[in-house]
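Comments concern the structure below.
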Amino acid sequence: QVQLVESGGGLVQAGGSLRLSCAASGGTFSSYAMGWFRQTPGKEREFVGAISRGGDTTGYASSVKGRFTISRDSAKNTVSLQMNSLKPEDTAVYYCAAGPTISPSYIQRTRSGYDYWGQGTQVTVSS
């Protein structure tokens, strides 16, 4: 059983930056591709970005590409999401997720590809 705990959310002005972190425990971190999703009230949880278990492949939603960067630290069992040039529409609860993959270079873009989820952290971007 993998436990995921997000941190780093908060309130920021438009154009600002935040860095989210997700600490993983209880499993073999290198076995899992990691992803970030976000959700606003009344909407489905949407894909933000993902990184392969080998760390060599990343992918992003078109809405955040060029502004957000995902990375992982296998020594610390953490995955981070650096968010720059934030916009009010980035306001959401952000969730970290872990999903097993066979290929070390494969990333998951759909919720069904992830078995474990964190509790979420709120990000609010003011205009």
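Convention: chains lettered A, B, ... in structure tokens order; per-chain residue numbering from 1; ligands numbered from 1 as shown.
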
>> Give me, as a PyMOL selection string, all polymer residues having an atom no more than 8 Å from Glu89 in chain A, counting only C-alpha atoms and skipping those fewer than 2 positions away in the same chain.
In response: chain A and resi 87+91+125

> Residues at most 6 Å from range 46-60 of chain A, counting only C-alpha atoms, excluding those fewer than 3 positions away in the same chain, as a PyMOL selection string?
Replying inline: chain A and resi 30+32-38+65+104-107

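Proximity to Gln3 in chain A was assessed for A:Gly27, A:Pro100, A:Gly113, A:Gly42 counting only C-alpha atoms; the smallest distance is recorded for A:Gly27.
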
> Between A:Thr121, A:Ser112, A:Gln1, A:Gln82, which has the minimum distance to Leu18 in chain A (counting only C-alpha atoms)?
Replying inline: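 Comparing A:Thr121, A:Ser112, A:Gln1, A:Gln82 against Leu18 in chain A, the winner is A:Gln82.
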
>> Which of chain A end up as strand (DSSP E) when DSSP is run on this backbone - answer as a PyMOL selection string?
In response: chain A and resi 3-7+10-13+18-25+32-39+46-51+58-60+68-73+78-83+92-100+116-117+121-126

>> Let me make sure I understand: among A:Gln13, A:Thr101, A:Ser63, A:Ser21, which one has the smallest atom-to-atom distance to Tyr114 in chain A if we use only C-alpha atoms?
In response: A:Thr101

>> My list of candidates is A:Leu81, A:Ile102, A:Leu4, A:Ile70. Which is closest to Ala23 in chain A when distances are computed with only C-alpha atoms?
In response: A:Leu4

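DSSP on the backbone gives helix (DSSP H, G or I) for these parts of chain A: A:Phe29, A:Ser30, A:Ser31, A:Pro88, A:Glu89, A:Asp90, A:Arg111, A:Ser112, A:Gly113.
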
Limited to N, CA and C atoms, could you put the picked residues into a file as a tab-separated table (two decimals), in the first residue's frame?
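Written out: out15.tsv:
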chain	number	residue	atom	x	y	z
A	29	PHE	N	9.10	3.11	-4.67
A	29	PHE	CA	8.85	4.33	-5.44
A	29	PHE	C	9.21	4.16	-6.91
A	30	SER	N	10.28	3.45	-7.18
A	30	SER	CA	10.74	3.29	-8.55
A	30	SER	C	9.83	2.42	-9.40
A	31	SER	N	8.83	1.79	-8.79
A	31	SER	CA	7.90	0.94	-9.52
A	31	SER	C	6.73	1.73	-10.11
A	88	PRO	N	-5.60	32.53	-12.70
A	88	PRO	CA	-6.76	32.22	-11.84
A	88	PRO	C	-7.42	30.88	-12.20
A	89	GLU	N	-7.39	30.50	-13.45
A	89	GLU	CA	-8.00	29.23	-13.85
A	89	GLU	C	-7.20	28.01	-13.40
A	90	ASP	N	-6.03	28.23	-12.82
A	90	ASP	CA	-5.27	27.12	-12.23
A	90	ASP	C	-5.76	26.81	-10.82
A	111	ARG	N	-6.97	8.88	-15.23
A	111	ARG	CA	-7.13	8.55	-13.82
A	111	ARG	C	-7.11	7.04	-13.59
A	112	SER	N	-7.62	6.28	-14.55
A	112	SER	CA	-7.70	4.84	-14.37
A	112	SER	C	-6.33	4.18	-14.31
A	113	GLY	N	-5.30	4.89	-14.72
A	113	GLY	CA	-3.95	4.33	-14.70
A	113	GLY	C	-3.27	4.45	-13.36

> Of the residues A:Ala14, A:Val93, A:Ala98, A:Ala75, which is the one nearest to Gln119 in chain A, using only C-alpha atoms?
Replying inline: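 Among the listed residues, A:Val93 lies closest to Gln119 in chain A.
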
>> What's the separation between CA of Val123 in chain A and CA of Gly66 in chain A, in Å to one decimal place?
In response: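 Separation of CA of Val123 in chain A and CA of Gly66 in chain A: 18.6 Å.
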